[in-house]
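Undergrad: Here you go, this is entry_11.cif (mmCIF, C-alpha atoms and all ligand atoms).
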```cif
data_run
#
loop_
_atom_site.label_atom_id
_atom_site.label_comp_id
_atom_site.auth_asym_id
_atom_site.auth_seq_id
_atom_site.Cartn_x
_atom_site.Cartn_y
_atom_site.Cartn_z
CA MET A 198 -95.28 63.41 -2.91
CA MET A 199 -98.00 65.03 -5.08
CA LEU A 200 -97.47 68.08 -7.30
CA GLU A 201 -99.72 70.14 -9.55
CA LEU A 202 -97.95 70.40 -12.93
CA GLU A 203 -98.34 72.07 -16.30
CA ILE A 204 -97.39 69.45 -18.88
CA GLY A 205 -94.98 70.48 -21.62
CA ALA A 206 -93.73 68.68 -24.72
CA VAL A 207 -93.59 64.94 -25.27
CA ALA A 208 -90.17 63.33 -24.82
CA HIS A 209 -88.51 60.09 -25.96
CA GLY A 210 -89.52 57.32 -23.52
CA GLY A 211 -93.34 57.49 -23.44
CA HIS A 212 -93.69 60.51 -21.17
CA CYS A 213 -94.02 64.30 -21.26
CA VAL A 214 -91.79 66.92 -19.69
CA ALA A 215 -92.85 69.22 -16.85
CA ARG A 216 -90.82 71.53 -14.61
CA HIS A 217 -91.10 72.28 -10.92
CA ASP A 218 -88.73 74.44 -8.86
CA GLY A 219 -86.25 74.32 -11.75
CA ARG A 220 -86.26 70.52 -11.86
CA VAL A 221 -87.26 68.42 -14.86
CA ILE A 222 -90.04 65.88 -14.28
CA PHE A 223 -90.87 63.11 -16.75
CA VAL A 224 -94.60 62.54 -16.40
CA ARG A 225 -96.39 59.41 -17.64
CA HIS A 226 -100.15 59.20 -18.33
CA ALA A 227 -100.29 62.92 -19.19
CA LEU A 228 -100.49 64.77 -22.52
CA PRO A 229 -98.89 68.04 -23.69
CA GLY A 230 -100.85 71.12 -22.56
CA GLU A 231 -102.62 69.39 -19.66
CA ARG A 232 -102.69 70.49 -16.02
CA VAL A 233 -102.44 67.44 -13.77
CA LEU A 234 -101.95 66.28 -10.24
CA ALA A 235 -98.92 64.04 -10.36
CA ARG A 236 -97.45 61.54 -7.91
CA ILE A 237 -93.64 61.42 -7.85
CA THR A 238 -92.57 57.81 -8.49
CA GLU A 239 -88.79 58.17 -8.63
CA GLU A 240 -86.21 60.75 -7.69
CA ARG A 241 -82.93 60.85 -9.64
CA LYS A 242 -80.00 63.23 -9.48
CA GLY A 243 -80.95 65.45 -12.41
CA TYR A 244 -84.67 64.70 -12.77
CA LEU A 245 -87.81 63.16 -11.28
CA ARG A 246 -90.33 60.69 -12.65
CA ALA A 247 -94.05 61.01 -11.98
CA ASP A 248 -97.46 59.57 -12.88
CA ALA A 249 -100.40 61.86 -13.63
CA VAL A 250 -103.09 60.56 -11.25
CA GLU A 251 -105.72 63.30 -11.69
CA ILE A 252 -106.30 65.33 -14.83
CA LEU A 253 -107.28 68.90 -13.86
CA LEU A 254 -107.33 70.31 -17.39
CA PRO A 255 -107.54 67.59 -20.07
CA SER A 256 -106.08 67.80 -23.57
CA PRO A 257 -108.54 67.54 -26.49
CA ASP A 258 -106.43 64.53 -27.54
CA ARG A 259 -107.32 62.62 -24.34
CA VAL A 260 -109.59 59.56 -24.71
CA ILE A 261 -110.87 56.87 -22.34
CA PRO A 262 -108.24 54.09 -22.54
CA PRO A 263 -109.69 51.06 -24.36
CA CYS A 264 -107.73 48.80 -21.98
CA PRO A 265 -108.89 48.67 -18.33
CA PHE A 266 -105.39 47.56 -17.26
CA SER A 267 -103.66 50.74 -18.45
CA GLY A 268 -103.05 53.77 -16.25
CA PRO A 269 -100.88 54.79 -13.28
CA GLY A 270 -99.52 51.82 -11.32
CA ALA A 271 -101.11 49.28 -13.69
CA CYS A 272 -99.75 47.32 -16.70
CA GLY A 273 -96.61 49.01 -18.05
CA GLY A 274 -96.95 47.59 -21.57
CA CYS A 275 -98.65 50.56 -23.29
CA ASP A 276 -97.68 54.22 -22.91
CA TRP A 277 -100.38 56.06 -24.88
CA GLN A 278 -103.73 54.28 -24.31
CA HIS A 279 -105.09 57.63 -23.06
CA ALA A 280 -104.29 59.44 -26.35
CA ALA A 281 -106.28 59.34 -29.60
CA PRO A 282 -104.34 57.30 -32.21
CA ASP A 283 -103.69 60.32 -34.46
CA ALA A 284 -102.35 62.23 -31.42
CA GLN A 285 -100.06 59.27 -30.63
CA ARG A 286 -98.61 59.54 -34.13
CA ARG A 287 -98.17 63.32 -33.83
CA MET A 288 -96.28 62.82 -30.57
CA LYS A 289 -94.07 60.15 -32.14
CA SER A 290 -93.34 62.52 -35.01
CA GLN A 291 -92.32 65.22 -32.51
CA VAL A 292 -90.03 62.73 -30.74
CA LEU A 293 -88.34 61.86 -34.06
CA SER A 294 -87.82 65.54 -34.96
CA GLU A 295 -86.42 66.28 -31.52
CA GLN A 296 -84.01 63.31 -31.58
CA LEU A 297 -82.81 64.13 -35.11
CA ALA A 298 -82.23 67.78 -34.18
CA ARG A 299 -80.47 67.01 -30.89
CA LEU A 300 -78.36 64.00 -31.89
CA ALA A 301 -77.80 64.51 -35.62
CA GLY A 302 -78.14 68.30 -35.98
CA PHE A 303 -80.71 67.52 -38.68
CA SER A 304 -83.96 69.42 -39.00
CA ALA A 305 -86.96 67.46 -40.30
CA SER A 306 -90.66 67.10 -39.72
CA VAL A 307 -91.60 63.52 -40.55
CA PRO A 308 -95.22 62.37 -40.24
CA VAL A 309 -95.62 58.98 -38.56
CA GLU A 310 -97.82 56.96 -40.89
CA ALA A 311 -100.53 54.61 -39.63
CA LEU A 312 -100.44 50.98 -40.70
CA PRO A 313 -103.73 49.30 -41.67
CA GLY A 314 -105.83 47.63 -38.97
CA GLY A 315 -106.27 50.22 -36.21
CA ALA A 316 -104.62 50.64 -32.82
CA LEU A 317 -105.79 47.38 -31.18
CA GLY A 318 -105.40 43.68 -32.02
CA TRP A 319 -102.13 44.03 -33.96
CA ARG A 320 -99.42 42.42 -31.83
CA THR A 321 -98.44 39.00 -33.23
CA ARG A 322 -95.81 38.24 -30.55
CA VAL A 323 -96.61 38.76 -26.88
CA GLN A 324 -94.40 38.00 -23.90
CA TYR A 325 -96.29 37.47 -20.62
CA ALA A 326 -94.71 37.48 -17.18
CA VAL A 327 -96.13 35.08 -14.56
CA ASP A 328 -96.83 36.18 -10.98
CA ASP A 329 -96.31 34.22 -7.73
CA GLU A 330 -99.76 32.66 -8.08
CA GLY A 331 -99.09 31.44 -11.62
CA ARG A 332 -101.23 34.08 -13.39
CA ALA A 333 -100.04 35.55 -16.72
CA GLY A 334 -99.81 39.32 -17.08
CA PHE A 335 -97.37 42.15 -17.65
CA HIS A 336 -94.85 44.05 -15.56
CA ARG A 337 -95.78 47.36 -14.00
CA HIS A 338 -93.74 50.19 -15.51
CA ARG A 339 -90.10 49.99 -14.28
CA SER A 340 -91.02 47.21 -11.85
CA ALA A 341 -90.65 43.44 -11.47
CA GLU A 342 -94.21 43.25 -10.13
CA VAL A 343 -96.66 41.43 -12.42
CA VAL A 344 -100.17 42.76 -13.17
CA PRO A 345 -102.37 39.79 -14.17
CA VAL A 346 -104.71 40.55 -17.10
CA ASP A 347 -107.76 38.84 -18.60
CA ARG A 348 -106.46 39.57 -22.13
CA CYS A 349 -104.17 42.04 -23.88
CA ARG A 350 -106.15 44.44 -26.08
CA ILE A 351 -103.26 45.16 -28.45
CA ALA A 352 -102.58 41.43 -28.99
CA HIS A 353 -103.68 39.89 -32.30
CA PRO A 354 -107.10 38.18 -31.99
CA ALA A 355 -105.39 34.79 -32.62
CA ILE A 356 -103.24 35.45 -29.54
CA GLN A 357 -106.16 36.67 -27.42
CA ALA A 358 -107.90 33.36 -28.26
CA LEU A 359 -104.98 31.26 -26.93
CA PRO A 360 -105.43 29.69 -23.48
CA VAL A 361 -102.73 31.77 -21.78
CA THR A 362 -104.44 34.14 -19.34
CA GLY A 363 -107.15 31.66 -18.30
CA ARG A 364 -104.78 29.08 -16.78
CA ARG A 365 -101.90 28.81 -14.27
CA TRP A 366 -98.19 28.69 -15.19
CA PRO A 367 -95.04 28.03 -13.16
CA PRO A 368 -94.66 31.11 -10.91
CA GLY A 369 -91.93 33.47 -12.12
CA SER A 370 -91.78 31.93 -15.61
CA THR A 371 -92.25 33.70 -18.96
CA VAL A 372 -94.86 32.71 -21.54
CA GLU A 373 -94.53 33.75 -25.18
CA ALA A 374 -97.46 33.62 -27.58
CA VAL A 375 -96.96 33.85 -31.33
CA ALA A 376 -99.41 34.23 -34.23
CA ALA A 377 -97.41 33.64 -37.40
CA SER A 378 -98.23 35.05 -40.84
CA GLY A 379 -98.53 31.46 -42.13
CA GLY A 380 -101.60 31.00 -39.90
CA GLU A 381 -100.14 28.91 -37.03
CA THR A 382 -100.02 29.92 -33.39
CA ALA A 383 -97.54 28.77 -30.75
CA VAL A 384 -97.04 29.11 -27.00
CA LEU A 385 -93.54 28.85 -25.53
CA THR A 386 -92.50 28.86 -21.89
CA ARG A 387 -89.21 30.02 -20.47
CA ALA A 388 -87.68 29.65 -17.03
CA GLY A 389 -87.54 32.99 -15.24
CA ARG A 390 -87.47 36.31 -17.04
CA SER A 391 -86.75 35.41 -20.71
CA GLY A 392 -84.53 32.47 -19.66
CA ALA A 393 -84.01 29.16 -21.49
CA LEU A 394 -86.99 27.44 -23.12
CA THR A 395 -88.58 24.89 -20.78
CA GLY A 396 -90.09 22.91 -23.67
CA PRO A 397 -88.82 21.88 -27.10
CA PRO A 398 -88.25 24.69 -29.63
CA VAL A 399 -91.27 25.32 -31.83
CA ARG A 400 -91.12 26.41 -35.45
CA VAL A 401 -93.77 28.47 -37.26
CA ARG A 402 -94.29 29.42 -40.90
CA GLU A 403 -93.80 33.06 -41.87
CA VAL A 404 -94.66 34.20 -45.38
CA ALA A 405 -93.36 37.34 -47.11
CA ALA A 406 -91.64 38.67 -50.25
CA GLY A 407 -92.69 35.61 -52.27
CA HIS A 408 -90.95 33.26 -49.81
CA GLU A 409 -91.82 31.06 -46.88
CA TRP A 410 -89.63 30.67 -43.81
CA SER A 411 -89.83 28.04 -41.10
CA VAL A 412 -88.58 30.16 -38.18
CA ASP A 413 -88.02 29.62 -34.49
CA ALA A 414 -91.23 30.81 -32.79
CA GLY A 415 -88.99 32.55 -30.23
CA GLY A 416 -86.77 34.18 -32.89
CA PHE A 417 -87.07 37.61 -34.49
CA TRP A 418 -89.96 38.50 -36.79
CA GLN A 419 -91.70 41.87 -37.11
CA VAL A 420 -94.63 42.01 -34.65
CA HIS A 421 -97.18 44.10 -36.61
CA PRO A 422 -98.98 42.07 -39.31
CA HIS A 423 -98.46 44.87 -41.87
CA ALA A 424 -94.88 45.75 -40.88
CA VAL A 425 -93.11 43.34 -43.23
CA GLU A 426 -94.87 44.45 -46.42
CA THR A 427 -94.54 48.13 -45.40
CA PHE A 428 -90.86 48.02 -44.46
CA THR A 429 -89.72 45.84 -47.37
CA GLY A 430 -91.71 48.01 -49.83
CA THR A 431 -90.19 51.18 -48.38
CA VAL A 432 -86.63 49.85 -48.47
CA LEU A 433 -87.04 48.68 -52.08
CA ASP A 434 -88.50 52.03 -53.07
CA MET A 435 -85.72 53.98 -51.35
CA LEU A 436 -82.74 51.91 -52.55
CA ARG A 437 -83.95 51.46 -56.15
CA PRO A 438 -81.53 48.56 -56.69
CA ALA A 439 -80.19 48.18 -60.23
CA ALA A 440 -79.00 45.09 -62.09
CA GLY A 441 -75.50 44.09 -61.04
CA GLU A 442 -75.32 46.26 -57.91
CA ARG A 443 -73.79 44.44 -54.91
CA ALA A 444 -75.66 44.65 -51.62
CA TRP A 445 -75.23 43.87 -47.92
CA ASP A 446 -78.20 43.05 -45.69
CA LEU A 447 -76.69 43.71 -42.24
CA TYR A 448 -78.40 42.36 -39.11
CA GLY A 449 -80.34 40.47 -41.76
CA GLY A 450 -82.18 37.90 -39.63
CA VAL A 451 -83.64 35.25 -41.93
CA GLY A 452 -82.95 37.42 -45.00
CA LEU A 453 -86.24 39.27 -45.38
CA PHE A 454 -84.69 42.35 -47.03
CA ALA A 455 -82.27 40.21 -49.07
CA ALA A 456 -85.27 38.31 -50.50
CA THR A 457 -86.87 41.66 -51.36
CA ILE A 458 -83.95 43.29 -53.19
CA ALA A 459 -82.19 40.22 -54.68
CA PRO A 460 -84.48 39.93 -57.73
CA HIS A 461 -83.53 43.53 -58.69
CA CYS A 462 -79.75 43.64 -58.13
CA GLY A 463 -76.54 41.61 -58.12
CA PRO A 464 -75.19 39.50 -55.24
CA VAL A 465 -76.58 40.13 -51.75
CA THR A 466 -74.68 39.16 -48.60
CA VAL A 467 -76.68 38.77 -45.39
CA VAL A 468 -74.77 39.12 -42.11
CA GLU A 469 -76.59 37.81 -39.05
CA GLY A 470 -75.41 36.70 -35.61
CA ASP A 471 -78.16 34.18 -34.81
CA ARG A 472 -77.14 30.75 -36.13
CA ARG A 473 -80.72 29.44 -36.25
CA ALA A 474 -81.96 32.48 -38.21
CA VAL A 475 -79.13 31.96 -40.71
CA ALA A 476 -80.05 28.27 -41.12
CA ALA A 477 -83.73 29.19 -41.65
CA GLY A 478 -82.75 31.90 -44.15
CA ARG A 479 -80.44 29.64 -46.17
CA LYS A 480 -83.20 27.06 -46.45
CA ALA A 481 -85.97 29.51 -47.38
CA LEU A 482 -83.91 31.44 -49.96
CA ARG A 483 -82.19 28.49 -51.63
CA ASP A 484 -83.90 29.47 -54.92
CA LEU A 485 -81.95 32.78 -54.86
CA PRO A 486 -78.38 31.68 -55.72
CA ASP A 487 -77.11 35.28 -55.51
CA VAL A 488 -78.01 35.52 -51.79
CA ARG A 489 -75.24 34.40 -49.43
CA PHE A 490 -75.51 34.22 -45.62
CA VAL A 491 -72.63 34.87 -43.25
CA ASN A 492 -73.17 33.88 -39.63
CA GLY A 493 -71.23 36.34 -37.49
CA ASP A 494 -71.03 39.62 -35.65
CA VAL A 495 -71.64 42.50 -38.07
CA ALA A 496 -68.84 44.74 -36.76
CA ALA A 497 -66.21 41.99 -36.81
CA THR A 498 -67.36 40.59 -40.18
CA ILE A 499 -67.38 43.80 -42.20
CA ALA A 500 -64.15 45.05 -40.59
CA ASN A 501 -62.38 42.38 -42.66
CA PRO A 502 -60.55 44.25 -45.48
CA ARG A 503 -61.46 41.43 -47.86
CA TRP A 504 -65.02 42.81 -47.71
CA ARG A 505 -64.44 45.32 -50.48
CA SER A 506 -66.79 47.80 -52.08
CA VAL A 507 -70.56 47.54 -51.96
CA ASP A 508 -73.25 49.58 -53.72
CA LEU A 509 -76.27 49.14 -51.44
CA VAL A 510 -76.65 48.45 -47.73
CA VAL A 511 -79.72 47.56 -45.67
CA LEU A 512 -78.97 48.23 -42.02
CA ASP A 513 -81.52 46.91 -39.51
CA PRO A 514 -79.76 46.75 -36.13
CA PRO A 515 -81.28 45.95 -32.73
CA ARG A 516 -82.49 48.79 -30.46
CA ALA A 517 -78.99 49.97 -29.51
CA GLY A 518 -78.27 50.92 -33.13
CA ALA A 519 -75.28 50.10 -35.33
CA GLY A 520 -72.71 52.33 -33.61
CA ARG A 521 -69.54 54.05 -34.74
CA GLU A 522 -67.51 50.98 -35.71
CA VAL A 523 -70.16 49.53 -38.03
CA VAL A 524 -71.15 52.89 -39.51
CA SER A 525 -67.49 53.77 -40.23
CA SER A 526 -66.84 50.38 -41.85
CA ILE A 527 -69.85 50.87 -44.13
CA ALA A 528 -68.94 54.45 -45.08
CA ALA A 529 -65.36 53.34 -45.86
CA ARG A 530 -66.81 51.11 -48.65
CA SER A 531 -68.67 54.12 -50.07
CA PRO A 532 -72.00 52.48 -50.97
CA ARG A 533 -74.28 54.52 -53.21
CA ALA A 534 -77.21 54.17 -50.81
CA ILE A 535 -77.92 52.91 -47.28
CA ALA A 536 -81.45 52.08 -46.11
CA TYR A 537 -81.45 52.25 -42.31
CA VAL A 538 -84.41 50.53 -40.58
CA ALA A 539 -84.63 51.60 -36.93
CA CYS A 540 -86.90 50.71 -34.04
CA ASP A 541 -85.39 53.38 -31.78
CA PRO A 542 -85.38 57.03 -32.92
CA ALA A 543 -82.49 57.93 -30.60
CA ALA A 544 -80.24 55.18 -31.97
CA PHE A 545 -81.27 56.16 -35.50
CA ALA A 546 -80.45 59.82 -34.85
CA ARG A 547 -77.05 58.97 -33.28
CA ASP A 548 -76.07 56.80 -36.26
CA ALA A 549 -77.51 59.40 -38.67
CA GLY A 550 -75.21 62.00 -37.09
CA LEU A 551 -72.23 59.70 -37.74
CA LEU A 552 -73.24 59.08 -41.37
CA LEU A 553 -73.79 62.81 -42.00
CA GLY A 554 -70.25 63.41 -40.75
CA LEU A 555 -68.89 60.72 -43.07
CA GLY A 556 -70.09 62.22 -46.35
CA TYR A 557 -73.67 60.97 -46.50
CA GLU A 558 -76.88 62.95 -46.69
CA LEU A 559 -80.19 61.87 -45.25
CA SER A 560 -82.19 62.14 -48.45
CA GLN A 561 -85.46 60.55 -47.32
CA VAL A 562 -87.04 59.64 -43.97
CA ARG A 563 -90.32 57.83 -43.35
CA ALA A 564 -91.75 56.65 -40.06
CA PHE A 565 -94.47 54.09 -39.34
CA ASP A 566 -96.71 53.46 -36.36
CA SER A 567 -96.00 49.75 -36.21
CA PHE A 568 -96.50 49.71 -32.39
CA PRO A 569 -99.75 51.65 -31.70
CA MET A 570 -100.59 52.49 -28.05
CA THR A 571 -96.89 52.29 -27.16
CA GLN A 572 -94.15 54.91 -27.43
CA HIS A 573 -92.43 52.79 -30.13
CA PHE A 574 -92.40 53.29 -33.90
CA GLU A 575 -90.18 52.41 -36.84
CA THR A 576 -88.08 54.89 -38.79
CA ILE A 577 -86.60 54.15 -42.21
CA GLY A 578 -84.01 56.53 -43.59
CA LEU A 579 -82.24 56.66 -46.95
CA PHE A 580 -78.63 57.86 -46.75
CA SER A 581 -77.02 58.75 -50.08
CA ARG A 582 -73.43 59.74 -50.92
CA SER A 583 -73.40 63.53 -50.95
C1 LIG B 1 -84.11 44.19 -35.72
S1 LIG B 1 -83.67 42.54 -36.08
C2 LIG B 1 -83.73 42.58 -37.83
C3 LIG B 1 -83.85 41.26 -38.53
C4 LIG B 1 -84.18 41.31 -40.01
N1 LIG B 1 -83.59 42.41 -40.72
C5 LIG B 1 -85.69 41.30 -40.22
O1 LIG B 1 -86.27 42.36 -40.50
O2 LIG B 1 -86.31 40.24 -40.06
C6 LIG B 1 -81.96 42.58 -35.69
C7 LIG B 1 -81.20 41.30 -36.00
O3 LIG B 1 -79.82 41.54 -35.68
C8 LIG B 1 -79.26 40.35 -35.13
N2 LIG B 1 -78.08 40.84 -34.38
C9 LIG B 1 -78.07 41.52 -33.21
N3 LIG B 1 -76.81 41.90 -32.89
C10 LIG B 1 -76.01 41.43 -33.90
C11 LIG B 1 -74.62 41.52 -34.17
N4 LIG B 1 -73.80 42.18 -33.33
N5 LIG B 1 -74.14 40.95 -35.29
C12 LIG B 1 -74.98 40.28 -36.13
N6 LIG B 1 -76.31 40.19 -35.95
C13 LIG B 1 -76.82 40.75 -34.84
C14 LIG B 1 -80.38 39.76 -34.32
O4 LIG B 1 -80.19 38.38 -34.16
C15 LIG B 1 -81.61 40.08 -35.19
O5 LIG B 1 -81.87 39.02 -36.10
#
```
Go through the file and emit its structure as structure tokens.

TA:
Amino acid sequence: MMLELEIGAVAHGGHCVARHDGRVIFVRHALPGERVLARITEERKGYLRADAVEILLPSPDRVIPPCPFSGPGACGGCDWQHAAPDAQRRMKSQVLSEQLARLAGFSASVPVEALPGGALGWRTRVQYAVDDEGRAGFHRHRSAEVVPVDRCRIAHPAIQALPVTGRRWPPGSTVEAVAASGGETAVLTRAGRSGALTGPPVRVREVAAGHEWSVDAGGFWQVHPHAVETFTGTVLDMLRPAAGERAWDLYGGVGLFAATIAPHCGPVTVVEGDRRAVAAGRKALRDLPDVRFVNGDVAATIANPRWRSVDLVVLDPPRAGAGREVVSSIAARSPRAIAYVACDPAAFARDAGLLLGLGYELSQVRAFDSFPMTQHFETIGLFSRS
């Protein structure tokens, strides 16, 4: 079904909101203020989804997408190829304000800051899906269908140069390409959609905060080449750690934030669930005797009453956020400051609402466009005891 729609505000999820006959429609490939012809792609109980297929009245923010594989029905990897980069950041800022207002009752207008390097060629970790003919590409939006590509324009040049898209792979497998900060590249293959590795694990060198980690190529590391320096600098600046202060680095991975704050404070305890990340962290940070790693689930670990008071917390959970149990355990220890690093504004706003209700104030918020062309961005908030 096709509808002519007036496009309203941007919403969380990489789409804009329109209304028709009293129903809400989430429209991809459109921009606020546009009039478009839209094809309905999905009908749900309370709302519809649609793709703008013809732009009747374009926004001044509309540009020709630099990637020929973006657009309705094509690669689902990027959401905002059709928007100028500064407009992408304005929309992300609006999403953050809206989520904070709705989920935390907090009013703020936070600019989303660009990272150096432009909107293309930044992604240092790329996961390709493989189609039935063995060609590497990306899934269509909300679909298992694979769109083969010649190269991914947002991938780092070192990844675009890897022989991934020019050859055939086992149909249905997953191929991961990595360009590490230490200069190495790696290609991993997995059975099925993100299944077990089909080859031996590969390690790459990542360099940051005066340290060098040998990490699993398939493990977590920030994907934008300037994300690590930006996020660690922001966390350090917000927390202002002082000599002797005790700190927790929760969901700490290989201890990136611990390595950043440890030279300025007292003992730092990293809690991380991935055994291999903990092993890599212990090895890389062995010259920091005040950094201790605990391999375990964050909620279960810090619920232990033997984990007494703490002055500073870095909280960097996965997309789902930290949640009530973790947030309550932290607040019960009354740290002076919490730096919350979030890749999902909704999860950040939900947890912010909990912290505001537990005697904390959100004293600083910054946001960074560490995922240009996509709906994603990073938010870092400083929560202080009110
Ligand atoms: C967003 S990453 C942050 C990693 C690290 N702070 C960094 O910047 O490199 C989230 C980390 O949380 C870990 N993780 C996810 N769920 C966890 C849980 N319930 N308990 C402990 N660690 C968890 C993941 O293994 C991952 O390393």

Undergrad: Adding 4 Å on each side of the box along x, y and z that holds all listed atoms of ligand LIG 1 (chain B), could you give its centre and edge lengths in Å to one decimal, as AutoDock Vina command-line options?

TA:
```
--center_x -80.1 --center_y 41.3 --center_z -36.8 --size_x 20.5 --size_y 13.8 --size_z 15.8
```

Undergrad: Return as a Markdown table the residues of chain A lying at most 10 Å from ligand LIG 1 (chain B), together with the closest atom-to-atom pair for each and the distance in Å to one decimal, counting all atoms listed in the file, with rows in chain order and ascending residue number.

TA:
```
| residue | atom | partner | partner_atom | distance |
| --- | --- | --- | --- | --- |
| A:Gly416 | CA | B:LIG1 | O5 | 7.6 |
| A:Phe417 | CA | B:LIG1 | O5 | 5.6 |
| A:Trp418 | CA | B:LIG1 | O2 | 5.2 |
| A:Gln419 | CA | B:LIG1 | O2 | 6.4 |
| A:Ala424 | CA | B:LIG1 | O1 | 9.3 |
| A:Val425 | CA | B:LIG1 | O1 | 7.4 |
| A:Phe428 | CA | B:LIG1 | O1 | 8.3 |
| A:Thr429 | CA | B:LIG1 | O1 | 8.4 |
| A:Asp446 | CA | B:LIG1 | N1 | 7.4 |
| A:Leu447 | CA | B:LIG1 | N1 | 7.2 |
| A:Tyr448 | CA | B:LIG1 | O3 | 3.8 |
| A:Gly449 | CA | B:LIG1 | N1 | 3.9 |
| A:Gly450 | CA | B:LIG1 | O5 | 3.7 |
| A:Val451 | CA | B:LIG1 | O2 | 6.0 |
| A:Gly452 | CA | B:LIG1 | C4 | 6.4 |
| A:Leu453 | CA | B:LIG1 | O2 | 5.4 |
| A:Phe454 | CA | B:LIG1 | N1 | 6.4 |
| A:Ala455 | CA | B:LIG1 | N1 | 8.7 |
| A:Val467 | CA | B:LIG1 | N1 | 9.1 |
| A:Val468 | CA | B:LIG1 | C12 | 6.1 |
| A:Glu469 | CA | B:LIG1 | N6 | 3.9 |
| A:Gly470 | CA | B:LIG1 | N6 | 3.6 |
| A:Asp471 | CA | B:LIG1 | O4 | 4.7 |
| A:Arg472 | CA | B:LIG1 | O4 | 8.4 |
| A:Arg473 | CA | B:LIG1 | O4 | 9.2 |
| A:Ala474 | CA | B:LIG1 | O5 | 6.9 |
| A:Val475 | CA | B:LIG1 | O5 | 8.9 |
| A:Gly478 | CA | B:LIG1 | O2 | 9.9 |
| A:Val491 | CA | B:LIG1 | C12 | 9.2 |
| A:Asn492 | CA | B:LIG1 | C12 | 7.5 |
| A:Gly493 | CA | B:LIG1 | C12 | 5.6 |
| A:Asp494 | CA | B:LIG1 | N5 | 3.4 |
| A:Val495 | CA | B:LIG1 | N5 | 4.0 |
| A:Ala496 | CA | B:LIG1 | N4 | 6.6 |
| A:Ala497 | CA | B:LIG1 | N5 | 8.1 |
| A:Thr498 | CA | B:LIG1 | N5 | 8.4 |
| A:Val511 | CA | B:LIG1 | N1 | 8.1 |
| A:Leu512 | CA | B:LIG1 | N1 | 7.5 |
| A:Asp513 | CA | B:LIG1 | N1 | 5.1 |
| A:Pro514 | CA | B:LIG1 | C6 | 4.7 |
| A:Pro515 | CA | B:LIG1 | C1 | 4.5 |
| A:Arg516 | CA | B:LIG1 | C1 | 7.2 |
| A:Ala517 | CA | B:LIG1 | N3 | 9.0 |
| A:Gly518 | CA | B:LIG1 | N3 | 9.1 |
| A:Ala519 | CA | B:LIG1 | N4 | 8.3 |
| A:Val523 | CA | B:LIG1 | N4 | 9.5 |
| A:Val538 | CA | B:LIG1 | C1 | 8.0 |
| A:Ala539 | CA | B:LIG1 | C1 | 7.5 |
| A:Cys540 | CA | B:LIG1 | C1 | 7.3 |
```

Undergrad: Convert the current residue selection to file output with C-alpha atoms, as a tab-separated table (two decimals), in the frame of the given file.

TA:
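Saved the output as result_16.tsv:
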```tsv
chain	number	residue	atom	x	y	z
A	416	GLY	CA	-86.77	34.18	-32.89
A	417	PHE	CA	-87.07	37.61	-34.49
A	418	TRP	CA	-89.96	38.50	-36.79
A	419	GLN	CA	-91.70	41.87	-37.11
A	424	ALA	CA	-94.88	45.75	-40.88
A	425	VAL	CA	-93.11	43.34	-43.23
A	428	PHE	CA	-90.86	48.02	-44.46
A	429	THR	CA	-89.72	45.84	-47.37
A	446	ASP	CA	-78.20	43.05	-45.69
A	447	LEU	CA	-76.69	43.71	-42.24
A	448	TYR	CA	-78.40	42.36	-39.11
A	449	GLY	CA	-80.34	40.47	-41.76
A	450	GLY	CA	-82.18	37.90	-39.63
A	451	VAL	CA	-83.64	35.25	-41.93
A	452	GLY	CA	-82.95	37.42	-45.00
A	453	LEU	CA	-86.24	39.27	-45.38
A	454	PHE	CA	-84.69	42.35	-47.03
A	455	ALA	CA	-82.27	40.21	-49.07
A	467	VAL	CA	-76.68	38.77	-45.39
A	468	VAL	CA	-74.77	39.12	-42.11
A	469	GLU	CA	-76.59	37.81	-39.05
A	470	GLY	CA	-75.41	36.70	-35.61
A	471	ASP	CA	-78.16	34.18	-34.81
A	472	ARG	CA	-77.14	30.75	-36.13
A	473	ARG	CA	-80.72	29.44	-36.25
A	474	ALA	CA	-81.96	32.48	-38.21
A	475	VAL	CA	-79.13	31.96	-40.71
A	478	GLY	CA	-82.75	31.90	-44.15
A	491	VAL	CA	-72.63	34.87	-43.25
A	492	ASN	CA	-73.17	33.88	-39.63
A	493	GLY	CA	-71.23	36.34	-37.49
A	494	ASP	CA	-71.03	39.62	-35.65
A	495	VAL	CA	-71.64	42.50	-38.07
A	496	ALA	CA	-68.84	44.74	-36.76
A	497	ALA	CA	-66.21	41.99	-36.81
A	498	THR	CA	-67.36	40.59	-40.18
A	511	VAL	CA	-79.72	47.56	-45.67
A	512	LEU	CA	-78.97	48.23	-42.02
A	513	ASP	CA	-81.52	46.91	-39.51
A	514	PRO	CA	-79.76	46.75	-36.13
A	515	PRO	CA	-81.28	45.95	-32.73
A	516	ARG	CA	-82.49	48.79	-30.46
A	517	ALA	CA	-78.99	49.97	-29.51
A	518	GLY	CA	-78.27	50.92	-33.13
A	519	ALA	CA	-75.28	50.10	-35.33
A	523	VAL	CA	-70.16	49.53	-38.03
A	538	VAL	CA	-84.41	50.53	-40.58
A	539	ALA	CA	-84.63	51.60	-36.93
A	540	CYS	CA	-86.90	50.71	-34.04
```

Undergrad: Determine, counting all atoms listed in the file, which protein, DNA and RNA residues have an atom within 10 Å of an atom of Arg521 (chain A); residues of the same chain fewer than 6 positions away are not included. Present the result as a list in words.

TA: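 The filter keeps Ala496, Ile527, Arg547, Asp548, Leu551 and Leu552 of chain A.
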
Undergrad: With all atoms listed in the file as the basis for distance, which of A:Val292, A:Ala406, A:Val221, A:Ala481 is at the shortest distance from Pro460 (chain A)?

TA: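 Smallest separation from Pro460 (chain A) among the options: A:Ala406.
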